[in-house]
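Enquirer: Structure file structure_23.txt, compact mmCIF, C-alpha atoms, is pasted below:
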```txt
# COMPACT_ATOMS: atom_id res chain seq x y z
CA LEU A 1 -133.92 -59.35 98.15
CA PRO A 2 -137.26 -57.59 98.08
CA PHE A 3 -137.65 -54.63 95.71
CA PRO A 4 -136.75 -51.37 97.58
CA PHE A 5 -140.03 -49.61 96.70
CA PRO A 6 -142.80 -51.58 98.44
CA SER A 7 -145.39 -48.92 97.64
CA LEU A 8 -144.89 -49.53 93.91
CA PHE A 9 -144.70 -53.32 93.95
CA SER A 10 -146.26 -55.97 96.15
CA ASN A 11 -144.03 -57.68 98.66
CA HIS A 12 -143.89 -60.74 96.41
CA VAL A 13 -142.12 -58.95 93.55
CA THR A 14 -138.40 -59.44 93.60
CA MET A 15 -135.66 -57.63 91.75
CA ALA A 16 -135.40 -60.60 89.39
CA ASP A 17 -139.13 -60.33 88.58
CA ALA A 18 -138.82 -56.60 87.91
CA SER A 19 -135.77 -57.17 85.71
CA LYS A 20 -137.66 -59.84 83.74
CA VAL A 21 -140.61 -57.48 83.14
CA ILE A 22 -138.27 -54.70 81.97
CA GLY A 23 -136.29 -57.18 79.82
CA ASP A 24 -139.46 -58.51 78.20
CA ALA A 25 -140.67 -54.99 77.40
CA LEU A 26 -137.29 -54.09 75.91
CA LEU A 27 -137.20 -57.30 73.87
CA SER A 28 -140.70 -56.62 72.55
CA THR A 29 -139.73 -53.08 71.50
CA LEU A 30 -136.58 -54.30 69.78
CA SER A 31 -138.54 -57.02 67.97
CA LYS A 32 -140.99 -54.45 66.59
CA ALA A 33 -138.13 -52.22 65.44
CA GLU A 34 -136.45 -55.19 63.77
CA GLU A 35 -139.70 -56.06 61.96
CA LYS A 36 -139.93 -52.52 60.59
CA ILE A 37 -136.33 -52.66 59.37
CA ASP A 38 -136.96 -56.06 57.75
CA GLU A 39 -140.05 -54.66 55.99
CA GLU A 40 -138.02 -51.74 54.63
CA ILE A 41 -135.27 -54.09 53.41
CA ASP A 42 -137.90 -56.27 51.70
CA ARG A 43 -139.42 -53.19 50.05
CA LEU A 44 -136.01 -52.09 48.77
CA ASP A 45 -135.27 -55.62 47.52
CA ARG A 46 -138.54 -55.62 45.53
CA LEU A 47 -137.66 -52.40 43.73
CA GLU A 48 -137.37 -52.98 40.04
CA GLU A 49 -135.05 -51.24 37.62
CA ASP A 50 -137.84 -48.84 36.60
CA ASP A 51 -138.38 -47.86 40.24
CA LEU A 52 -134.66 -47.21 40.72
CA GLU A 53 -134.54 -45.19 37.51
CA SER A 54 -137.53 -43.12 38.70
CA ILE A 55 -135.75 -42.42 42.01
CA ARG A 56 -132.57 -41.41 40.15
CA ARG A 57 -134.51 -39.16 37.78
CA LYS A 58 -136.31 -37.38 40.65
CA ARG A 59 -133.04 -36.90 42.52
CA LEU A 60 -131.37 -35.48 39.40
CA GLU A 61 -134.29 -33.09 38.84
CA THR A 62 -134.01 -31.93 42.45
CA LEU A 63 -130.25 -31.36 42.09
CA LYS A 64 -130.75 -29.39 38.86
CA SER A 65 -133.50 -27.30 40.43
CA ASN A 66 -131.29 -26.52 43.44
CA GLN A 67 -128.44 -25.55 41.13
CA ARG A 68 -130.70 -23.20 39.12
CA GLN A 69 -131.88 -21.59 42.38
CA LYS A 70 -128.29 -21.05 43.51
CA GLN A 71 -127.44 -19.44 40.16
CA GLN A 72 -130.43 -17.09 40.50
CA TRP A 73 -129.33 -16.12 44.01
CA ARG A 74 -125.78 -15.45 42.83
CA ALA A 75 -127.11 -13.27 39.99
CA LEU A 76 -128.90 -11.16 42.64
CA GLY A 77 -125.65 -10.68 44.58
CA HIS A 78 -126.11 -13.43 47.15
CA GLY A 79 -122.95 -15.08 48.44
CA THR A 80 -121.19 -11.76 49.00
CA TYR A 81 -121.19 -9.13 51.72
CA GLU A 82 -121.28 -5.78 50.01
CA GLU A 83 -121.97 -2.17 50.84
CA CYS A 84 -125.24 -0.75 49.60
CA PRO A 85 -124.34 2.19 47.31
CA ASP A 86 -127.25 4.45 48.25
CA GLN A 87 -130.65 4.59 49.94
CA LYS A 88 -132.63 3.93 46.74
CA ALA A 89 -130.55 0.85 45.96
CA PHE A 90 -131.34 -0.48 49.45
CA PHE A 91 -135.05 -0.77 48.67
CA ASP A 92 -134.38 -2.32 45.25
CA MET A 93 -132.03 -4.92 46.74
CA CYS A 94 -134.48 -5.81 49.50
CA LYS A 95 -137.35 -6.24 47.00
CA LYS A 96 -135.38 -8.67 44.84
CA SER A 97 -134.39 -11.04 47.67
CA SER A 98 -136.78 -12.74 50.06
CA ARG A 99 -134.20 -12.85 52.89
CA VAL A 100 -131.83 -9.94 53.57
CA VAL A 101 -129.52 -9.30 56.54
CA VAL A 102 -128.44 -5.65 56.71
CA HIS A 103 -125.69 -4.26 58.93
CA PHE A 104 -126.12 -0.57 59.72
CA GLY A 105 -122.76 0.67 60.91
CA ARG A 106 -119.94 3.14 60.61
CA ALA A 107 -116.35 2.46 59.57
CA ALA A 108 -114.84 4.11 62.65
CA THR A 109 -116.78 1.94 65.13
CA ARG A 110 -114.90 -1.09 66.52
CA ARG A 111 -118.04 -3.14 67.11
CA CYS A 112 -119.08 -2.57 63.51
CA GLU A 113 -115.79 -4.14 62.42
CA ILE A 114 -116.71 -7.19 64.52
CA VAL A 115 -120.07 -7.47 62.73
CA ASP A 116 -118.31 -7.05 59.36
CA LYS A 117 -116.06 -10.01 60.20
CA HIS A 118 -119.04 -12.27 61.03
CA MET A 119 -121.12 -11.15 58.05
CA SER A 120 -118.15 -11.71 55.70
CA ALA A 121 -117.87 -15.27 57.01
CA LEU A 122 -121.60 -16.04 56.70
CA ALA A 123 -122.31 -14.53 53.26
CA PRO A 124 -120.43 -17.08 51.10
CA LYS A 125 -121.76 -19.98 53.17
CA HIS A 126 -125.40 -18.86 53.01
CA ILE A 127 -126.15 -17.93 49.43
CA GLU A 128 -129.86 -18.26 50.18
CA THR A 129 -129.69 -14.89 51.95
CA ARG A 130 -128.46 -11.46 50.81
CA PHE A 131 -125.96 -9.75 53.16
CA LEU A 132 -125.67 -5.97 52.94
CA LYS A 133 -123.83 -3.19 54.74
CA VAL A 134 -125.21 0.35 55.02
CA ASP A 135 -123.14 3.32 56.18
CA ALA A 136 -125.47 4.89 58.76
CA GLU A 137 -123.87 8.35 58.42
CA LYS A 138 -124.60 8.42 54.66
CA SER A 139 -128.16 7.08 55.03
CA PRO A 140 -130.07 9.30 57.49
CA PHE A 141 -133.43 8.61 55.82
CA LEU A 142 -133.04 4.84 56.17
CA CYS A 143 -131.86 5.16 59.76
CA GLU A 144 -134.86 7.28 60.66
CA ARG A 145 -137.34 5.08 58.83
CA LEU A 146 -135.96 1.84 60.32
CA ARG A 147 -135.43 3.43 63.75
CA ILE A 148 -131.68 2.85 63.84
CA TRP A 149 -130.52 4.55 67.03
CA MET A 150 -127.48 2.47 67.98
CA LEU A 151 -124.54 1.13 66.01
CA PRO A 152 -124.13 -1.60 65.09
CA THR A 153 -127.68 -2.63 64.29
CA ILE A 154 -128.43 -5.66 62.14
CA VAL A 155 -131.83 -5.46 60.46
CA LEU A 156 -133.45 -8.72 59.39
CA VAL A 157 -135.67 -8.27 56.32
CA LYS A 158 -137.89 -11.17 55.32
CA GLY A 159 -140.33 -10.96 52.42
CA GLY A 160 -139.71 -7.22 52.07
CA LYS A 161 -140.62 -6.50 55.71
CA THR A 162 -138.48 -5.89 58.76
CA GLU A 163 -138.62 -9.08 60.81
CA HIS A 164 -136.35 -8.06 63.71
CA SER A 165 -133.44 -5.79 64.57
CA ILE A 166 -130.37 -6.89 66.51
CA ILE A 167 -129.37 -3.75 68.38
CA GLY A 168 -125.81 -3.91 69.62
CA PHE A 169 -124.78 -7.37 70.80
CA ASP A 170 -127.46 -8.01 73.44
CA ASP A 171 -129.24 -10.69 71.36
CA LEU A 172 -125.87 -12.34 70.73
CA GLY A 173 -124.76 -12.72 74.33
CA GLY A 174 -123.58 -9.16 74.99
CA ASP A 175 -119.88 -9.97 74.40
CA ASP A 176 -117.61 -8.59 71.70
CA ASP A 177 -116.01 -12.01 71.15
CA PHE A 178 -119.16 -14.00 70.31
CA PRO A 179 -118.64 -16.78 67.77
CA THR A 180 -120.00 -16.52 64.22
CA GLU A 181 -122.07 -19.63 64.96
CA ARG A 182 -124.09 -17.69 67.54
CA LEU A 183 -125.11 -15.10 64.93
CA GLU A 184 -125.77 -17.91 62.45
CA SER A 185 -127.99 -19.73 64.95
CA PHE A 186 -129.92 -16.53 65.72
CA LEU A 187 -130.52 -15.92 62.01
CA VAL A 188 -131.71 -19.52 61.53
CA GLU A 189 -134.15 -19.11 64.45
CA HIS A 190 -135.64 -16.02 62.78
CA GLY A 191 -135.90 -17.72 59.38
CA LEU A 192 -133.26 -15.58 57.65
CA LEU A 193 -130.94 -18.52 57.04
CA LEU A 194 -131.96 -22.00 55.94
CA GLU A 195 -130.80 -24.80 58.20
CA SER A 196 -129.93 -26.95 55.20
CA PHE A 197 -126.99 -24.58 54.49
CA CYS A 198 -125.57 -24.80 58.03
```
What is this structure when it is put down as structure tokens?

Expert:
Amino acid sequence: LPFPFPSLFSNHVTMADASKVIGDALLSTLSKAEEKIDEEIDRLDRLEEDDLESIRRKRLETLKSNQRQKQQWRALGHGTYEECPDQKAFFDMCKKSSRVVVHFGRAATRRCEIVDKHMSALAPKHIETRFLKVDAEKSPFLCERLRIWMLPTIVLVKGGKTEHSIIGFDDLGGDDDFPTERLESFLVEHGLLLESFC
């Protein structure tokens, strides 16, 4: 049978010819990939004991460094979702941590309880970020300075500066029953959570 697209191929090209060309191209690509894999296997086979020891030592140093960083974060209050005691403490807490997620809310507001649930789930998982709660009624200066006009508002502080504010649930789909993963994904997109902790 002739190939169904005469404008693309001459009348002499058959389906078998087209299949052969595609098959040859695929075989060539697979051969190149196999060569790369063989080269990597050869490189790993040539590693000497000193090379393996060097790799182990670097990995151990990385693990120790990561553990020290986690301990420093925990010492600053990371890994918990806690209420900020007063307005002065808010600024101190934000200066000490490079990534802070702050929920401005009020205890009597149902949607604030929803945010509390999500923040409580994320805080222990993401110790790289500080999670705080501020009672908006007790912090009028902060609310005015950060332009908090609707509750709940989640303020994203990165490097001591306000990066973004999530006002209500519009950025999270507009529904009360959004999954925690949606908030987590939003915070990753804005650099407040590290993807390696997801």

Enquirer: For His126 (chain A), which residue out of A:Gly79, A:Gly160, A:Gly191, A:Gly173 is the nearest one, using only C-alpha atoms?

Expert: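 Distance minimum relative to His126 (chain A) lands on A:Gly79.
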
Enquirer: Nearest to Ser185 (chain A) among A:Glu128, A:Leu122, A:Leu151, A:Ala75, with distances taken over all atoms listed in the file: which residue is it?

Expert: A:Leu122

Enquirer: Could you tell me which of A:Leu60, A:Leu132, A:Leu172, A:Leu47 comes closest to Asp86 (chain A) if we count all atoms listed in the file?

Expert: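 Going through A:Leu60, A:Leu132, A:Leu172, A:Leu47 one by one, the smallest distance to Asp86 (chain A) is for A:Leu132.
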
Enquirer: Grab the CA of Arg99 (chain A) to CA of Thr162 (chain A) distance for me, in Å with one decimal place.

Expert: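 These atoms are spaced 10.1 Å apart.
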
Enquirer: Which is closer to Lys70 (chain A) than all the others in A:Val101, A:Ile127, A:Ala33, A:Leu44, using all atoms listed in the file?

Expert: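 That would be A:Ile127, the residue with the smallest distance to Lys70 (chain A).
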
Enquirer: Using only C-alpha atoms, which residues sit within 7 Å of Ile154 (chain A) once same-chain residues fewer than 4 positions away are excluded, as number ranges by chain?

Expert: A: 101-104, 165-167

Enquirer: Give me, as a PyMOL selection string, all polymer residues having an atom no more than 12 Å from Pro140 (chain A), counting only C-alpha atoms and skipping those fewer than 4 positions away in the same chain.

Expert: chain A and resi 86-87+104-105+134-136+144-149

Enquirer: For each of A:Leu26, A:Leu156, A:Thr109, A:Leu194, take the minimum atom-to-atom distance to Cys94 (chain A), counting only C-alpha atoms, then give the residue where this is smallest.

Expert: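 Looking only at the distances to Cys94 (chain A), the closest residue turns out to be A:Leu156.
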
Enquirer: CA of Tyr81 (chain A) to CA of Ser120 (chain A): how many Å, to one decimal?

Expert: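 Interatomic distance, CA of Tyr81 (chain A) to CA of Ser120 (chain A): 5.6 Å.
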
Enquirer: Go through A:Phe186, A:Asp50, A:Pro152, A:Arg106 one by one, measure the shortest atom-to-atom distance of each to Glu137 (chain A) using all atoms listed in the file, and give the residue with the smallest value.

Expert: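 So, comparing all the options, the nearest one is A:Arg106.
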
Enquirer: Could you please determine the separation between CA of Ala107 (chain A) and CA of Val188 (chain A) in Å, to one decimal place?

Expert: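 Going from CA of Ala107 (chain A) over to CA of Val188 (chain A) covers 26.9 Å.
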
Enquirer: Give me region 66-79 of chain A with N, CA, C and O atoms filled in, as an mmCIF file, keeping the file's coordinate frame.

Expert:
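The file below, result27.cif, is the result:
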```
data_model
loop_
_atom_site.group_PDB
_atom_site.id
_atom_site.type_symbol
_atom_site.label_atom_id
_atom_site.label_comp_id
_atom_site.auth_asym_id
_atom_site.auth_seq_id
_atom_site.Cartn_x
_atom_site.Cartn_y
_atom_site.Cartn_z
ATOM 1 N N ASN A 66 -132.087 -27.206 42.404
ATOM 2 C CA ASN A 66 -131.290 -26.520 43.440
ATOM 3 C C ASN A 66 -130.162 -25.712 42.829
ATOM 4 O O ASN A 66 -129.880 -24.597 43.283
ATOM 5 N N GLN A 67 -129.525 -26.259 41.789
ATOM 6 C CA GLN A 67 -128.440 -25.550 41.130
ATOM 7 C C GLN A 67 -128.942 -24.289 40.430
ATOM 8 O O GLN A 67 -128.309 -23.238 40.498
ATOM 9 N N ARG A 68 -130.115 -24.387 39.764
ATOM 10 C CA ARG A 68 -130.700 -23.200 39.120
ATOM 11 C C ARG A 68 -131.019 -22.123 40.161
ATOM 12 O O ARG A 68 -130.774 -20.941 39.939
ATOM 13 N N GLN A 69 -131.554 -22.543 41.315
ATOM 14 C CA GLN A 69 -131.880 -21.590 42.380
ATOM 15 C C GLN A 69 -130.623 -20.891 42.876
ATOM 16 O O GLN A 69 -130.608 -19.678 43.079
ATOM 17 N N LYS A 70 -129.552 -21.639 43.056
ATOM 18 C CA LYS A 70 -128.290 -21.050 43.510
ATOM 19 C C LYS A 70 -127.760 -20.040 42.485
ATOM 20 O O LYS A 70 -127.255 -18.981 42.855
ATOM 21 N N GLN A 71 -127.886 -20.367 41.205
ATOM 22 C CA GLN A 71 -127.440 -19.440 40.160
ATOM 23 C C GLN A 71 -128.268 -18.152 40.173
ATOM 24 O O GLN A 71 -127.730 -17.055 40.007
ATOM 25 N N GLN A 72 -129.575 -18.271 40.405
ATOM 26 C CA GLN A 72 -130.430 -17.090 40.500
ATOM 27 C C GLN A 72 -130.016 -16.227 41.699
ATOM 28 O O GLN A 72 -129.951 -15.003 41.595
ATOM 29 N N TRP A 73 -129.763 -16.873 42.821
ATOM 30 C CA TRP A 73 -129.330 -16.120 44.010
ATOM 31 C C TRP A 73 -128.020 -15.392 43.737
ATOM 32 O O TRP A 73 -127.862 -14.231 44.092
ATOM 33 N N ARG A 74 -127.074 -16.086 43.130
ATOM 34 C CA ARG A 74 -125.780 -15.450 42.830
ATOM 35 C C ARG A 74 -125.958 -14.253 41.886
ATOM 36 O O ARG A 74 -125.283 -13.244 42.030
ATOM 37 N N ALA A 75 -126.845 -14.368 40.928
ATOM 38 C CA ALA A 75 -127.110 -13.270 39.990
ATOM 39 C C ALA A 75 -127.666 -12.044 40.726
ATOM 40 O O ALA A 75 -127.453 -10.910 40.293
ATOM 41 N N LEU A 76 -128.361 -12.271 41.847
ATOM 42 C CA LEU A 76 -128.900 -11.160 42.640
ATOM 43 C C LEU A 76 -127.878 -10.587 43.631
ATOM 44 O O LEU A 76 -128.178 -9.647 44.360
ATOM 45 N N GLY A 77 -126.677 -11.181 43.673
ATOM 46 C CA GLY A 77 -125.650 -10.680 44.580
ATOM 47 C C GLY A 77 -125.514 -11.484 45.856
ATOM 48 O O GLY A 77 -124.733 -11.106 46.743
ATOM 49 N N HIS A 78 -126.247 -12.571 45.970
ATOM 50 C CA HIS A 78 -126.110 -13.430 47.150
ATOM 51 C C HIS A 78 -124.726 -14.073 47.143
ATOM 52 O O HIS A 78 -124.107 -14.235 46.100
ATOM 53 N N GLY A 79 -124.258 -14.452 48.320
ATOM 54 C CA GLY A 79 -122.950 -15.080 48.440
ATOM 55 C C GLY A 79 -121.829 -14.094 48.695
ATOM 56 O O GLY A 79 -120.681 -14.474 48.873
#
```
